[in-house]
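Shown here: entry-v3.txt, compact mmCIF, C-alpha atoms.
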# COMPACT_ATOMS: atom_id res chain seq x y z
CA MET F 1 102.11 101.07 111.73
CA GLY F 2 104.22 101.18 114.84
CA ASN F 3 106.01 103.51 117.24
CA LEU F 4 108.82 103.02 119.72
CA ASN F 5 109.83 105.77 122.15
CA LEU F 6 112.57 105.40 124.74
CA ARG F 7 113.68 108.03 127.22
CA HIS F 8 116.42 107.74 129.80
CA ALA F 9 117.63 110.33 132.32
CA PHE F 10 121.21 109.87 133.47
CA LYS F 11 122.79 111.41 136.53
CA ASP F 12 124.37 114.83 136.22
CA GLY F 13 121.65 116.35 133.98
CA GLN F 14 122.02 114.11 130.92
CA GLN F 15 119.04 112.79 129.00
CA ILE F 16 118.58 110.74 125.84
CA ASN F 17 115.39 110.27 123.79
CA VAL F 18 115.00 107.73 120.98
CA ASP F 19 111.90 107.79 118.78
CA LEU F 20 111.23 105.37 115.90
CA ASP F 21 108.10 105.22 113.72
CA TYR F 22 107.19 102.78 110.95
CA LEU F 23 104.34 102.98 108.45
CA PHE F 24 103.33 100.41 105.87
CA TYR F 25 100.47 101.24 103.52
CA TYR F 26 99.22 98.98 100.75
CA HIS F 27 96.83 100.40 98.18
CA ASN F 28 95.19 98.06 95.65
CA ASN F 29 92.77 100.06 93.50
CA PRO F 30 91.38 98.25 90.43
CA HIS F 31 88.84 99.93 88.14
CA TRP F 32 86.66 98.58 85.33
CA TYR F 33 85.29 100.81 82.56
CA LYS F 34 82.68 100.11 79.92
CA ASN F 35 81.93 102.87 77.39
CA ASP F 36 79.09 102.65 74.89
CA PHE F 37 79.24 104.89 71.83
CA ASN F 38 76.23 105.59 69.60
CA TYR F 39 76.98 107.27 66.28
CA LEU F 40 73.55 108.43 65.16
CA SER F 41 74.68 110.01 61.90
CA ILE F 42 75.96 106.69 60.58
CA ASN F 43 73.63 104.47 62.64
CA SER F 44 76.50 102.64 64.34
CA GLN F 45 77.33 101.51 67.86
CA GLU F 46 80.61 100.64 69.50
CA GLN F 47 81.63 99.43 72.94
CA GLU F 48 84.99 99.96 74.60
CA GLN F 49 86.05 98.01 77.70
CA MET F 50 89.05 98.94 79.82
CA ASN F 51 90.41 98.09 83.23
CA ASN F 52 93.33 99.10 85.29
CA GLY F 53 95.08 97.63 88.26
CA LYS F 54 96.92 100.00 90.56
CA ILE F 55 99.05 98.53 93.31
CA THR F 56 100.99 100.90 95.57
CA PRO F 57 102.86 99.64 98.63
CA ILE F 58 104.51 102.40 100.70
CA ASN F 59 107.13 101.85 103.42
CA MET F 60 108.28 104.69 105.65
CA TRP F 61 110.67 104.83 108.61
CA VAL F 62 111.14 107.98 110.70
CA GLY F 63 113.62 108.11 113.55
CA LYS F 64 115.37 110.55 115.83
CA VAL F 65 117.81 110.52 118.72
CA ASP F 66 118.10 113.56 120.99
CA PHE F 67 120.71 114.06 123.70
CA THR F 68 120.64 116.81 126.33
CA GLN F 69 123.46 117.73 128.73
CA ASN F 70 123.27 120.41 131.39
CA ILE F 71 126.46 122.45 131.63
CA GLY F 72 126.63 124.08 135.00
CA LYS F 73 123.52 125.84 136.31
CA ASN F 74 122.92 128.21 133.39
CA ALA F 75 123.74 126.33 130.19
CA GLN F 76 122.45 123.35 128.28
CA LEU F 77 123.81 121.50 125.25
CA GLU F 78 121.37 119.70 122.93
CA THR F 79 122.38 117.51 120.02
CA GLY F 80 120.62 114.99 117.85
CA LEU F 81 120.13 113.05 114.66
CA LYS F 82 116.99 112.70 112.56
CA ALA F 83 116.26 110.52 109.54
CA THR F 84 113.41 109.60 107.22
CA LEU F 85 113.62 106.60 104.89
CA SER F 86 110.76 105.98 102.48
CA GLY F 87 110.05 103.77 99.52
CA LEU F 88 107.16 103.67 97.08
CA ASN F 89 106.47 101.25 94.24
CA ASN F 90 103.51 102.49 92.17
CA LYS F 91 102.49 100.06 89.41
CA LEU F 92 99.59 101.01 87.16
CA GLU F 93 98.61 98.66 84.34
CA PHE F 94 95.94 99.96 81.97
CA LEU F 95 94.35 97.31 79.74
CA ARG F 96 91.96 97.53 76.78
CA LEU F 97 89.81 94.71 75.46
CA LYS F 98 90.63 94.28 71.77
CA GLU F 99 89.44 91.28 69.78
CA GLN F 100 88.46 89.46 73.00
CA THR F 101 91.98 89.84 74.43
CA TRP F 102 93.11 92.20 77.17
CA GLN F 103 96.07 94.22 75.85
CA LEU F 104 98.35 96.53 77.77
CA ASP F 105 98.03 100.21 76.81
CA SER F 106 101.53 101.59 77.35
CA VAL F 107 100.36 105.21 76.98
CA PHE F 108 98.36 105.05 80.23
CA SER F 109 100.42 102.43 82.08
CA GLN F 110 103.36 103.30 84.29
CA HIS F 111 105.67 101.83 86.90
CA VAL F 112 107.32 104.27 89.28
CA GLU F 113 109.77 103.28 91.99
CA MET F 114 110.84 105.98 94.38
CA GLU F 115 113.25 105.85 97.27
CA GLU F 116 113.97 108.86 99.44
CA ASN F 117 116.40 109.10 102.34
CA ILE F 118 116.72 112.31 104.35
CA GLY F 119 119.07 112.81 107.28
CA ALA F 120 119.97 115.71 109.54
CA ALA F 121 122.05 116.49 112.58
CA TYR F 122 121.80 119.44 114.93
CA LEU F 123 123.67 121.06 117.79
CA ASN F 124 122.25 123.74 120.07
CA LEU F 125 123.84 125.54 123.03
CA GLN F 126 121.64 127.59 125.36
CA GLN F 127 123.12 130.01 127.85
CA GLN F 128 121.11 132.03 130.37
CA LEU F 129 122.56 135.40 131.14
For the file at hand, write its structure as structure tokens.
Amino acid sequence: MGNLNLRHAFKDGQQINVDLDYLFYYHNNPHWYKNDFNYLSINSQEQEQMNNGKITPINMWVGKVDFTQNIGKNAQLETGLKATLSGLNNKLEFLRLKEQTWQLDSVFSQHVEMEENIGAAYLNLQQQL
């Protein structure tokens, strides 16, 4: 995780701000399951073993640039750009132990890759009357 913020004031009422943030998150979440079944009516027992591995790295960038310009004594112009870039890769593998071999269960397994990019620009003029 990191942040960079720069601010500079120019002569004549101009100012620029730059802000950049970065986040990296890594989630590794394995689980092991062991289920014991007792069927009393037929005097039988069964055991089911399962495990899953879930790995989710997330990358996110957020940035903005703002510019301000005074116009005379009573007006100010503001403009800027903003952006968010994010990526997620969620991989879940669900395995069942069958005949002493771990086998992938495709019903409960998934692999999702998501990328999202959002951008915006703005312009604002303020005038005091």
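Here CA of Glu116 (chain F) is placed at a distance of 20.5 Å from CA of Gly80 (chain F).
Using all atoms listed in the file for every distance, the candidate list F:Val18, F:Leu97, F:Leu77, F:Leu40 yields F:Leu97 as the residue closest to Asn52 (chain F).
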Next on the checklist: My list of candidates is F:Gln128, F:Gln103, F:Asn89, F:Asn74. Which is closest to Asn51 (chain F) when distances are computed with all atoms listed in the file?
Outcome noted: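 The closest residue to Asn51 (chain F) is F:Gln103.
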Checklist entry - How many Å separate CA of Glu48 (chain F) from CA of Arg96 (chain F)? => result 7.7 Å
Checklist entry - Which residues come within 7 Å of region 22-30 of chain F, counting all atoms listed in the file, excluding same-chain residues fewer than 5 positions away, as a VMD selection string? => result chain F and resid 1 to 3 52 to 62
Checklist entry - Which residue gives the smallest distance to Ala120 (chain F) among F:Asp66, F:Asp36, F:Asp105, F:Asp21, with all atoms listed in the file counted? => result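 Among the listed residues, the smallest separation from Ala120 (chain F) belongs to F:Asp66.
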Checklist entry - Mind pulling up the distance from CA of Lys82 (chain F) to CA of Gln126 (chain F)? => result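 Value for the CA of Gln126 (chain F)-CA of Lys82 (chain F) distance: 20.2 Å.
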Item to check | Which residue of F:Leu129, F:Asp12, F:Gln49, F:His31 approaches Leu92 (chain F) most closely, using only C-alpha atoms | outcome: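 Residue with the minimum atom-to-atom distance to Leu92 (chain F): F:His31.
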Item to check | Option closest in space to Asn17 (chain F), from F:Phe108, F:Trp32, F:Trp102, F:Phe67 [counting all atoms listed in the file] | outcome: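 Between F:Phe108, F:Trp32, F:Trp102, F:Phe67, the residue approaching Asn17 (chain F) most closely is F:Phe67.
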Checklist entry - Which is closest to Leu125 (chain F) among F:Leu20, F:Met50, F:Ala75, F:Ala9, if we use only C-alpha atoms? => result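 Result for the nearest residue to Leu125 (chain F): F:Ala75.
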